[in-house]
$ cat run.csv   # CSV, C-alpha atoms and all ligand atoms
chain,number,residue,atom,x,y,z
A,1,MET,CA,99.1,104.9,105.4
A,2,LYS,CA,95.6,103.5,104.7
A,3,LEU,CA,92.2,105.0,104.0
A,4,THR,CA,88.9,103.4,104.7
A,5,THR,CA,85.7,105.2,103.6
A,6,ALA,CA,82.1,104.4,104.4
A,7,GLY,CA,78.7,105.9,103.8
A,8,GLU,CA,75.8,105.8,101.4
A,9,SER,CA,74.9,108.7,99.0
A,10,HIS,CA,71.6,109.5,100.7
A,11,GLY,CA,72.6,108.0,104.1
A,12,LYS,CA,73.4,110.0,107.2
A,13,ALA,CA,77.0,110.8,106.3
A,14,LEU,CA,80.2,109.9,104.7
A,15,ILE,CA,83.0,108.7,106.9
A,16,GLY,CA,86.7,108.3,106.5
A,17,ILE,CA,89.5,106.8,108.7
A,18,ILE,CA,93.1,107.4,107.9
A,19,GLU,CA,95.6,105.1,109.6
A,20,GLY,CA,99.4,105.6,109.6
A,21,LEU,CA,99.7,109.4,109.7
A,22,PRO,CA,102.6,110.6,111.8
A,23,SER,CA,102.1,112.8,114.8
A,24,ASN,CA,102.9,116.6,114.7
A,25,LEU,CA,101.4,117.2,111.2
A,26,LYS,CA,99.5,120.5,111.3
A,27,ILE,CA,96.0,120.1,109.8
A,28,ASP,CA,94.3,123.0,108.0
A,29,ILE,CA,90.6,122.2,108.2
A,30,GLU,CA,89.6,125.2,106.1
A,31,GLU,CA,91.8,123.9,103.2
A,32,ILE,CA,89.9,120.6,103.5
A,33,ASN,CA,86.6,122.5,103.2
A,34,LYS,CA,88.0,124.5,100.3
A,35,TYR,CA,88.6,121.3,98.3
A,36,LEU,CA,85.2,119.9,99.3
A,37,VAL,CA,83.5,123.0,97.9
A,38,LEU,CA,85.7,122.8,94.7
A,39,ARG,CA,84.6,119.2,94.3
A,40,GLN,CA,81.0,120.3,94.3
A,41,SER,CA,81.6,123.1,91.7
A,42,GLY,CA,82.0,123.2,87.9
A,43,TYR,CA,79.8,123.9,84.9
A,44,GLY,CA,77.4,121.0,84.3
A,45,ARG,CA,76.7,119.9,87.9
A,46,GLY,CA,73.1,118.9,88.8
A,47,GLY,CA,70.5,119.6,91.4
A,48,ARG,CA,72.0,117.5,94.2
A,49,GLN,CA,74.9,120.0,94.7
A,50,LYS,CA,72.4,122.8,95.5
A,51,ILE,CA,71.3,120.7,98.5
A,52,GLU,CA,74.7,119.7,99.9
A,53,ARG,CA,77.2,122.1,101.6
A,54,ASP,CA,80.0,119.7,102.2
A,55,ARG,CA,82.1,120.4,105.3
A,56,VAL,CA,84.4,118.1,107.2
A,57,GLU,CA,84.2,117.4,110.9
A,58,ILE,CA,87.3,115.7,112.4
A,59,ILE,CA,86.3,113.3,115.1
A,60,SER,CA,89.7,111.8,116.2
A,61,GLY,CA,93.4,111.7,115.7
A,62,VAL,CA,93.8,115.5,115.9
A,63,ARG,CA,94.2,117.8,118.9
A,64,ASN,CA,94.3,121.5,118.6
A,65,LEU,CA,94.8,121.2,114.8
A,66,VAL,CA,97.8,118.8,115.1
A,67,THR,CA,97.8,115.1,114.4
A,68,LEU,CA,98.5,112.7,117.3
A,69,GLY,CA,99.6,109.7,115.3
A,70,SER,CA,96.4,107.9,116.1
A,71,PRO,CA,93.8,107.1,113.4
A,72,LEU,CA,92.3,110.3,112.0
A,73,SER,CA,88.6,109.9,111.5
A,74,PHE,CA,86.2,112.4,110.0
A,75,VAL,CA,82.5,112.8,109.0
A,76,ILE,CA,80.9,114.7,106.2
A,77,VAL,CA,77.1,115.0,106.8
A,78,ASN,CA,74.7,114.4,103.9
A,79,LYS,CA,72.2,117.2,104.1
A,80,ASP,CA,69.9,115.3,101.7
A,81,TYR,CA,69.5,112.6,104.3
A,82,GLU,CA,66.7,114.7,105.9
A,83,ASN,CA,64.7,114.1,102.6
A,84,TRP,CA,65.6,110.4,102.5
A,85,ARG,CA,65.4,109.4,106.1
A,86,ARG,CA,62.1,107.5,105.6
A,87,VAL,CA,63.7,105.3,102.9
A,88,MET,CA,67.3,105.1,104.1
A,89,ALA,CA,67.3,105.0,107.9
A,90,PRO,CA,69.4,102.1,109.3
A,91,GLU,CA,67.1,102.0,112.3
A,92,GLY,CA,64.1,101.1,110.1
A,93,CYS,CA,62.5,102.5,106.9
A,94,ASP,CA,60.2,101.9,104.0
A,95,VAL,CA,62.3,99.8,101.6
A,96,ASN,CA,59.4,99.7,99.1
A,97,GLU,CA,59.7,103.4,98.3
A,98,LYS,CA,62.4,104.8,95.9
A,99,THR,CA,63.2,101.4,94.5
A,100,LEU,CA,65.1,101.1,91.3
A,101,THR,CA,64.8,98.1,88.9
A,102,LYS,CA,65.2,99.8,85.5
A,103,VAL,CA,68.9,99.4,85.7
A,104,ARG,CA,71.1,102.1,84.1
A,105,PRO,CA,73.7,100.9,81.5
A,106,GLY,CA,77.1,102.0,82.6
A,107,HIS,CA,76.2,102.2,86.3
A,108,ALA,CA,76.9,99.4,88.9
A,109,ASP,CA,73.1,98.6,89.1
A,110,LEU,CA,72.8,95.3,87.2
A,111,THR,CA,76.0,93.7,88.1
A,112,GLY,CA,75.7,94.8,91.7
A,113,LEU,CA,72.1,93.4,91.9
A,114,ILE,CA,73.3,90.0,90.7
A,115,LYS,CA,76.5,89.9,92.8
A,116,TYR,CA,75.0,91.0,96.1
A,117,GLY,CA,71.7,89.1,95.7
A,118,GLN,CA,69.5,92.1,95.8
A,119,THR,CA,66.2,92.9,94.1
A,120,ASP,CA,66.4,96.7,94.5
A,121,ALA,CA,69.3,98.5,92.9
A,122,ARG,CA,69.0,101.2,95.6
A,123,ASN,CA,71.0,98.8,97.7
A,124,ILE,CA,73.8,99.0,95.1
A,125,LEU,CA,73.8,102.5,93.8
A,126,GLU,CA,73.8,104.2,97.2
A,127,ARG,CA,77.4,103.0,97.7
A,128,ALA,CA,78.5,102.9,94.1
A,129,SER,CA,77.6,106.6,93.7
A,130,ALA,CA,80.3,109.1,93.2
A,131,ARG,CA,79.2,110.9,96.4
A,132,GLU,CA,81.7,108.6,98.1
A,133,THR,CA,84.5,110.7,96.6
A,134,ALA,CA,83.8,113.6,99.0
A,135,ALA,CA,85.5,111.4,101.7
A,136,ARG,CA,88.4,110.7,99.4
A,137,VAL,CA,88.9,114.5,98.8
A,138,ALA,CA,88.9,115.1,102.5
A,139,ALA,CA,91.5,112.4,103.1
A,140,GLY,CA,93.5,113.5,100.0
A,141,THR,CA,93.7,117.0,101.3
A,142,VAL,CA,95.3,115.7,104.5
A,143,ALA,CA,97.8,113.8,102.4
A,144,ARG,CA,98.4,117.0,100.4
A,145,GLN,CA,99.2,118.8,103.7
A,146,TYR,CA,101.7,115.9,104.6
A,147,LEU,CA,103.3,116.2,101.2
A,148,ARG,CA,103.5,120.1,101.3
A,149,ASN,CA,105.8,119.7,104.4
A,150,LEU,CA,108.2,118.0,102.0
A,151,GLY,CA,107.9,120.6,99.3
A,152,VAL,CA,105.6,118.5,97.0
A,153,GLU,CA,102.7,120.3,95.3
A,154,ILE,CA,99.8,118.9,93.2
A,155,SER,CA,97.8,120.7,90.6
A,156,GLY,CA,95.8,119.9,87.5
A,157,TYR,CA,93.2,121.1,85.0
A,158,VAL,CA,90.6,119.8,82.6
A,159,SER,CA,92.1,119.3,79.1
A,160,GLY,CA,89.0,118.0,77.3
A,161,VAL,CA,85.2,117.8,77.5
A,162,CYS,CA,83.3,115.6,75.1
A,163,GLY,CA,85.7,116.0,72.2
A,164,GLU,CA,86.6,119.6,72.8
A,165,ARG,CA,90.3,119.1,73.5
A,166,ASP,CA,93.1,121.4,74.6
A,167,GLU,CA,96.4,120.0,73.2
A,168,ASN,CA,98.5,122.9,74.5
A,169,VAL,CA,101.4,122.2,76.9
A,170,TYR,CA,101.2,124.2,80.1
A,171,LYS,CA,103.7,125.0,82.9
A,172,PHE,CA,102.9,123.8,86.4
A,173,LYS,CA,102.3,127.4,87.5
A,174,ASP,CA,99.8,128.0,84.6
A,175,THR,CA,97.7,125.1,85.9
A,176,LEU,CA,97.2,126.8,89.2
A,177,LYS,CA,94.8,129.2,87.6
A,178,ALA,CA,92.5,126.5,86.3
A,179,LYS,CA,90.2,126.4,89.3
A,180,GLU,CA,89.1,130.0,88.7
A,181,GLN,CA,87.5,128.9,85.4
A,182,PRO,CA,84.0,127.4,85.1
A,183,LEU,CA,85.3,124.2,83.6
A,184,PHE,CA,88.8,124.3,85.0
A,185,MET,CA,90.1,124.7,81.5
A,186,LEU,CA,93.1,126.9,80.5
A,187,ASN,CA,92.1,128.0,77.0
A,188,GLU,CA,89.2,130.3,76.9
A,189,GLU,CA,88.0,129.5,73.4
A,190,ILE,CA,88.0,125.8,73.9
A,191,GLN,CA,86.3,126.3,77.3
A,192,GLN,CA,83.5,128.3,75.6
A,193,ARG,CA,83.0,125.5,73.0
A,194,ALA,CA,83.0,122.9,75.8
A,195,MET,CA,80.4,124.9,77.7
A,196,ARG,CA,78.2,125.1,74.6
A,197,ARG,CA,78.6,121.4,74.1
A,198,ILE,CA,77.4,120.8,77.7
A,199,ASP,CA,74.4,123.0,77.1
A,200,GLU,CA,73.5,121.1,73.9
A,201,LEU,CA,73.9,117.7,75.7
A,202,LYS,CA,71.8,118.9,78.6
A,203,ALA,CA,69.0,120.1,76.3
A,204,ASN,CA,69.0,116.7,74.7
A,205,GLY,CA,68.9,114.8,78.1
A,206,ASP,CA,72.5,113.6,77.6
A,207,THR,CA,75.8,113.7,79.5
A,208,ALA,CA,79.5,114.4,78.9
A,209,GLY,CA,82.8,113.1,80.0
A,210,GLY,CA,86.3,114.6,79.6
A,211,ILE,CA,90.0,114.4,80.1
A,212,ILE,CA,91.9,115.6,83.2
A,213,GLU,CA,95.6,116.2,83.6
A,214,ILE,CA,97.3,116.0,87.0
A,215,ARG,CA,100.7,117.4,87.8
A,216,VAL,CA,103.0,116.7,90.8
A,217,LYS,CA,105.9,119.0,91.4
A,218,GLY,CA,108.8,118.7,93.8
A,219,LEU,CA,108.9,114.9,94.6
A,220,LYS,CA,112.5,113.7,94.9
A,221,SER,CA,113.6,110.6,92.9
A,222,GLY,CA,113.4,107.1,94.2
A,223,PHE,CA,109.8,106.8,95.4
A,224,GLY,CA,108.2,103.5,94.3
A,225,SER,CA,110.3,100.5,93.5
A,226,CYS,CA,112.0,98.7,90.6
A,227,MET,CA,112.5,95.7,92.8
A,228,ARG,CA,108.9,94.9,93.9
A,229,TYR,CA,106.2,95.1,91.3
A,230,SER,CA,103.7,95.7,94.0
A,231,GLU,CA,105.4,98.9,95.0
A,232,LYS,CA,105.8,100.5,91.5
A,233,LEU,CA,104.8,104.1,91.7
A,234,ASP,CA,103.1,104.3,88.3
A,235,ALA,CA,101.0,101.2,89.2
A,236,ALA,CA,100.0,102.8,92.5
A,237,LEU,CA,99.0,106.1,90.9
A,238,CYS,CA,97.1,104.4,88.0
A,239,SER,CA,95.3,102.1,90.5
A,240,ALA,CA,94.3,105.1,92.6
A,241,VAL,CA,93.0,107.0,89.6
A,242,MET,CA,91.1,104.0,88.1
A,243,SER,CA,89.4,103.5,91.5
A,244,VAL,CA,87.5,106.7,90.9
A,245,GLN,CA,84.0,106.4,89.6
A,246,ALA,CA,83.6,106.9,85.8
A,247,ILE,CA,87.4,106.8,85.1
A,248,LYS,CA,88.0,104.5,82.1
A,249,GLY,CA,91.6,105.3,81.1
A,250,VAL,CA,94.8,106.6,82.5
A,251,GLU,CA,98.3,107.4,81.1
A,252,ILE,CA,101.6,108.7,82.4
A,253,GLY,CA,103.7,111.0,80.4
A,254,CYS,CA,103.5,110.2,76.7
A,255,GLY,CA,101.3,107.2,77.5
A,256,PHE,CA,99.5,105.9,74.5
A,257,ASP,CA,101.4,108.2,72.1
A,258,SER,CA,104.7,106.5,73.0
A,259,ALA,CA,103.4,103.4,71.2
A,260,ASP,CA,103.5,105.3,67.9
A,261,ILE,CA,107.0,106.9,68.0
A,262,ALA,CA,110.6,105.5,67.7
A,263,GLY,CA,112.7,104.9,70.8
A,264,SER,CA,114.9,107.8,69.9
A,265,GLU,CA,111.9,110.1,70.3
A,266,ALA,CA,110.2,108.4,73.2
A,267,HIS,CA,112.8,108.8,76.0
A,268,ASP,CA,114.3,111.7,77.9
A,269,GLU,CA,118.0,112.1,77.5
A,270,ILE,CA,120.0,112.6,80.7
A,271,TYR,CA,122.3,115.4,81.6
A,272,PHE,CA,124.4,116.4,84.7
A,273,SER,CA,125.2,119.9,85.9
A,274,ASP,CA,125.8,121.6,89.2
A,275,GLY,CA,125.8,118.2,91.0
A,276,LYS,CA,122.4,117.3,89.7
A,277,TYR,CA,121.0,115.0,87.0
A,278,PHE,CA,118.3,116.4,84.8
A,279,ARG,CA,116.4,115.9,81.5
A,280,ARG,CA,115.4,118.5,79.0
A,281,THR,CA,112.1,116.7,78.1
A,282,ASN,CA,109.6,114.8,80.2
A,283,LYS,CA,108.1,112.1,78.1
A,284,ALA,CA,108.3,109.6,80.9
A,285,GLY,CA,106.0,111.8,83.0
A,286,GLY,CA,108.4,111.7,85.9
A,287,ILE,CA,108.4,108.0,86.4
A,288,GLU,CA,111.1,105.5,85.2
A,289,GLY,CA,111.4,101.9,86.3
A,290,GLY,CA,108.4,102.3,88.6
A,291,MET,CA,110.1,105.0,90.6
A,292,SER,CA,109.9,108.8,90.6
A,293,ASN,CA,112.9,110.3,88.7
A,294,GLY,CA,112.7,113.8,90.2
A,295,GLU,CA,110.9,115.4,87.2
A,296,GLU,CA,107.3,116.5,87.3
A,297,ILE,CA,104.8,113.7,87.4
A,298,VAL,CA,102.3,114.1,84.6
A,299,LEU,CA,99.2,111.9,84.5
A,300,ARG,CA,96.1,112.0,82.3
A,301,ALA,CA,92.8,110.3,82.9
A,302,ALA,CA,89.7,109.8,80.8
A,303,MET,CA,86.3,110.2,82.4
A,304,LYS,CA,83.3,108.6,80.7
A,305,PRO,CA,80.0,110.4,80.4
A,306,ILE,CA,77.8,110.0,83.5
A,307,PRO,CA,75.6,107.0,83.1
A,308,THR,CA,72.3,108.6,84.4
A,309,LEU,CA,70.9,110.1,81.3
A,310,MET,CA,67.7,112.2,81.5
A,311,LYS,CA,66.7,110.8,78.2
A,312,GLY,CA,67.1,107.2,79.4
A,313,LEU,CA,68.9,104.4,77.6
A,314,LYS,CA,67.3,101.1,76.6
A,315,THR,CA,67.6,98.5,79.4
A,316,ILE,CA,65.6,95.8,81.1
A,317,ASP,CA,63.4,96.0,84.3
A,318,TYR,CA,65.2,93.6,86.7
A,319,SER,CA,61.8,92.7,88.4
A,320,THR,CA,60.4,91.3,85.1
A,321,ASN,CA,63.3,91.1,82.7
A,322,LEU,CA,61.1,93.0,80.2
A,323,PRO,CA,62.5,95.8,78.0
A,324,ALA,CA,62.4,99.3,79.7
A,325,VAL,CA,63.9,102.7,79.7
A,326,ALA,CA,66.6,103.3,82.3
A,327,SER,CA,65.6,105.1,85.5
A,328,ASN,CA,66.5,108.8,86.0
A,329,GLU,CA,65.4,111.4,88.5
A,330,ARG,CA,68.1,114.0,88.3
A,331,SER,CA,71.7,113.9,87.1
A,332,ASP,CA,74.8,115.9,86.6
A,333,VAL,CA,75.4,116.6,82.9
A,334,CYS,CA,79.1,116.8,83.3
A,335,ALA,CA,81.2,116.3,86.5
A,336,VAL,CA,84.6,116.6,85.0
A,337,CYS,CA,85.6,119.4,87.4
A,338,ALA,CA,84.6,117.3,90.4
A,339,ALA,CA,86.8,114.5,88.9
A,340,GLU,CA,89.7,116.9,88.6
A,341,ILE,CA,89.6,117.6,92.3
A,342,ILE,CA,89.1,113.9,93.2
A,343,LEU,CA,92.0,112.9,91.0
A,344,GLU,CA,94.3,115.4,92.6
A,345,SER,CA,93.2,114.0,96.0
A,346,VAL,CA,93.7,110.3,95.2
A,347,VAL,CA,97.1,111.0,93.6
A,348,ALA,CA,98.0,112.9,96.8
A,349,PHE,CA,97.0,110.0,99.0
A,350,ALA,CA,98.8,107.4,96.8
A,351,LEU,CA,102.0,109.6,96.9
A,352,ALA,CA,101.8,110.0,100.7
A,353,GLU,CA,101.5,106.2,101.0
A,354,ALA,CA,104.6,105.8,98.8
A,355,VAL,CA,106.5,108.3,100.8
A,356,SER,CA,105.5,106.8,104.1
A,357,LEU,CA,106.4,103.3,102.8
A,358,ARG,CA,109.9,104.4,102.1
A,359,LEU,CA,110.6,106.8,104.9
A,360,GLY,CA,108.3,105.5,107.8
A,361,GLY,CA,108.4,108.0,110.6
A,362,ASP,CA,106.1,108.3,113.6
A,363,ASP,CA,106.6,112.1,114.0
A,364,MET,CA,106.3,114.5,111.0
A,365,ARG,CA,109.6,116.1,112.0
A,366,GLU,CA,111.3,112.6,111.6
A,367,VAL,CA,109.7,112.3,108.1
A,368,ILE,CA,110.9,115.8,107.1
A,369,GLU,CA,114.5,115.0,108.3
A,370,ARG,CA,114.6,111.7,106.4
A,371,TYR,CA,113.2,113.3,103.3
A,372,THR,CA,115.7,116.3,103.4
A,373,SER,CA,118.6,113.9,103.8
A,374,LEU,CA,117.7,112.1,100.5
A,375,LYS,CA,120.0,112.8,97.5
A,376,GLY,CA,117.3,112.8,94.8
B,1,LIG,C1,75.4,110.0,91.5
B,1,LIG,C2,74.1,110.6,91.3
B,1,LIG,C3,73.9,112.0,91.7
B,1,LIG,C4,75.2,112.8,91.8
B,1,LIG,C5,76.0,112.0,92.8
B,1,LIG,C6,76.5,110.8,92.1
B,1,LIG,O1,73.3,112.1,93.0
B,1,LIG,P1,71.7,112.1,93.3
B,1,LIG,O2,71.3,110.7,92.9
B,1,LIG,O3,71.5,112.4,94.7
B,1,LIG,O4,71.1,113.2,92.4
B,1,LIG,O5,75.0,114.1,92.2
B,1,LIG,O6,77.1,112.8,93.2
B,1,LIG,C7,77.0,113.4,94.4
B,1,LIG,C8,76.0,113.4,95.2
B,1,LIG,C9,78.3,114.1,94.8
B,1,LIG,O7,78.3,114.7,95.8
B,1,LIG,O8,79.2,114.0,94.0
B,1,LIG,C10,75.6,108.6,91.2
B,1,LIG,O9,74.6,107.9,91.0
B,1,LIG,O10,76.8,108.2,91.0

$ encode --input "run.csv" --output "structure tokens" --more "lines below"
Ligand code: EPS
Amino acid sequence: MKLTTAGESHGKALIGIIEGLPSNLKIDIEEINKYLVLRQSGYGRGGRQKIERDRVEIISGVRNLVTLGSPLSFVIVNKDYENWRRVMAPEGCDVNEKTLTKVRPGHADLTGLIKYGQTDARNILERASARETAARVAAGTVARQYLRNLGVEISGYVSGVCGERDENVYKFKDTLKAKEQPLFMLNEEIQQRAMRRIDELKANGDTAGGIIEIRVKGLKSGFGSCMRYSEKLDAALCSAVMSVQAIKGVEIGCGFDSADIAGSEAHDEIYFSDGKYFRRTNKAGGIEGGMSNGEEIVLRAAMKPIPTLMKGLKTIDYSTNLPAVASNERSDVCAVCAAEIILESVVAFALAEAVSLRLGGDDMREVIERYTSLKG
């Protein structure tokens, strides 16, 4: 299974092509739209989200809401394009308007300018922008529907915003309520503090990052590989998560904490009962030896604060190399809820890839049969 995305932030549309889906997978378009709306939500989002009303249009690969086995392609139109046509139109436009040379520290602007031989960072930021993640949410929701046929569910919540951390341990079913909350947090007191922190940062022209926890329930053991490093499941998940704009760290299970504890405390002892292997703890986060072990997958990621600050950081003007204040027009103060939805989506896609690598299958019924017959 493979996903290609295309599209500029203020261009005509975002596009995705998913290759390798089996036939006979039922597609729920309203669920894709639900996740697109959720990606736009959350406390701390900026003005752009008032313009966009993301909805997917499937172009190919599906007939009467069922996949054909051919590439599934889709479009999400950028409503803001109408305001940007005169500076973004591929058919011809004014490239001297809306230029950006006061490069933003933390964004792709400066490195992209040098690498791609450009003089206007507009030609970099339009693609580097996190707007691209709308396409990954649409594709990830298709992957979620594929996994649901196998009994695999994905959830998650925000466990920290700018230092306001929730260290409580939650059950999978508790995490399902997170999206009803303004910051997708599960502890009301911490959420209130986090919202106040966002308000303070906004008033100061600043931005916030956060921590997101993703959970996967119901995946049988043996997905990934201990034989080929390139197919290790933890590596695939971490790669997918790190490919999301603004993610700077990721851990599975105990992650960084496991470096500080003894081996006797760091591993999950194994038991057998009623014909099944099980553990009473899950410090491994559901992955051992690069393979799923049948326990819940637990993954945490750190999102840095958004690099477009209304107060502007010190930088240089690329057109003169003289000192300047970084460009800003509008920005999200905190997009940690968006990141939560995006991470669920990229995790879903990476898992669907791992399942399809092991089980193959041209027809969804074949995939279900093969999955059901696995011991794990
Ligand atoms: C982004 C800048 C902002 C964000 C954008 C990512 O867009 P604009 O420049 O139009 O205000 O809102 O994210 C989205 C548009 C989105 O849909 O997530 C950036 O520079 O990365």

$ closest_residue --input "run.csv" --among "A:Gly224, A:Gly376, A:Pro307, A:Gly360" --to "ligand LIG 1 (chain B)" --atoms "only C-alpha atoms and all ligand atoms"
A:Pro307

$ closest_residue --input "run.csv" --among "A:Ile27, A:Ser258, A:Tyr371, A:Arg127" --to "Gly151 (chain A)" --atoms "all atoms listed in the file"
A:Tyr371

$ residues_around --input "run.csv" --residues "region 326-334 of chain A" --least-positions-apart "4" --cutoff "6 Å" --atoms "all atoms listed in the file" --output "list in words"
Gly44, Arg45, Gly46, Lys102, Val103, Arg104, Thr207, Ala208, Thr308, Met310, Gly312, Leu313 and Thr315 of chain A

$ residues_near_point --input "run.csv" --point "(73.4, 111.4, 104.8)" --cutoff "10 Å" --atoms "only C-alpha atoms" --output "PyMOL selection string"
chain A and resi 7-14+52+76-85+88-89

$ atom_distance --input "run.csv" --atom1 "CA of Gly285 (chain A)" --atom2 "CA of Val367 (chain A)"
25.4 Å

$ closest_residue --input "run.csv" --among "A:Glu31, A:Asp363, A:Glu353, A:Glu153" --to "Leu237 (chain A)" --atoms "only C-alpha atoms"
A:Glu353

$ residues_around --input "run.csv" --residues "Lys248 (chain A)" --least-positions-apart "4" --cutoff "12 Å" --atoms "only C-alpha atoms" --output "PyMOL selection string"
chain A and resi 106+209-212+238-239+241-244+300-306

$ closest_residue --input "run.csv" --among "A:Val137, A:Ala246, A:Ala143, A:Met227" --to "Ala350 (chain A)" --atoms "only C-alpha atoms"
A:Ala143

$ closest_residue --input "run.csv" --among "A:Gln245, A:Asn187, A:Gln192, A:Thr119" --to "ligand LIG 1 (chain B)" --atoms "all atoms listed in the file"
A:Gln245

$ closest_residue --input "run.csv" --among "A:Gly47, A:Gly290, A:Pro90, A:Pro182" --to "ligand LIG 1 (chain B)" --atoms "all atoms listed in the file"
A:Gly47

$ atom_distance --input "run.csv" --atom1 "CA of Cys226 (chain A)" --atom2 "CA of Tyr271 (chain A)"
21.6 Å

$ atom_distance --input "run.csv" --atom1 "CA of Leu233 (chain A)" --atom2 "CA of Glu167 (chain A)"
25.8 Å

$ residues_around --input "run.csv" --residues "Glu188 (chain A)" --least-positions-apart "5" --cutoff "12 Å" --atoms "only C-alpha atoms" --output "compact mmCIF listing (two decimals) with C-alpha atoms, keeping the file's coordinate frame"
# COMPACT_ATOMS: atom_id res chain seq x y z
CA SER A 159 92.10 119.30 79.10
CA GLU A 164 86.60 119.60 72.80
CA ARG A 165 90.30 119.10 73.50
CA ASP A 166 93.10 121.40 74.60
CA ALA A 178 92.50 126.50 86.30
CA GLU A 180 89.10 130.00 88.70
CA GLN A 181 87.50 128.90 85.40
CA PRO A 182 84.00 127.40 85.10
CA LEU A 183 85.30 124.20 83.60
CA ARG A 193 83.00 125.50 73.00
CA ALA A 194 83.00 122.90 75.80
CA MET A 195 80.40 124.90 77.70

$ residues_around --input "run.csv" --residues "Met185 (chain A)" --least-positions-apart "3" --cutoff "6 Å" --atoms "all atoms listed in the file" --output "tab-separated table (two decimals) with C-alpha atoms, in the coordinates of the input"
chain	number	residue	atom	x	y	z
A	157	TYR	CA	93.20	121.10	85.00
A	158	VAL	CA	90.60	119.80	82.60
A	178	ALA	CA	92.50	126.50	86.30
A	191	GLN	CA	86.30	126.30	77.30
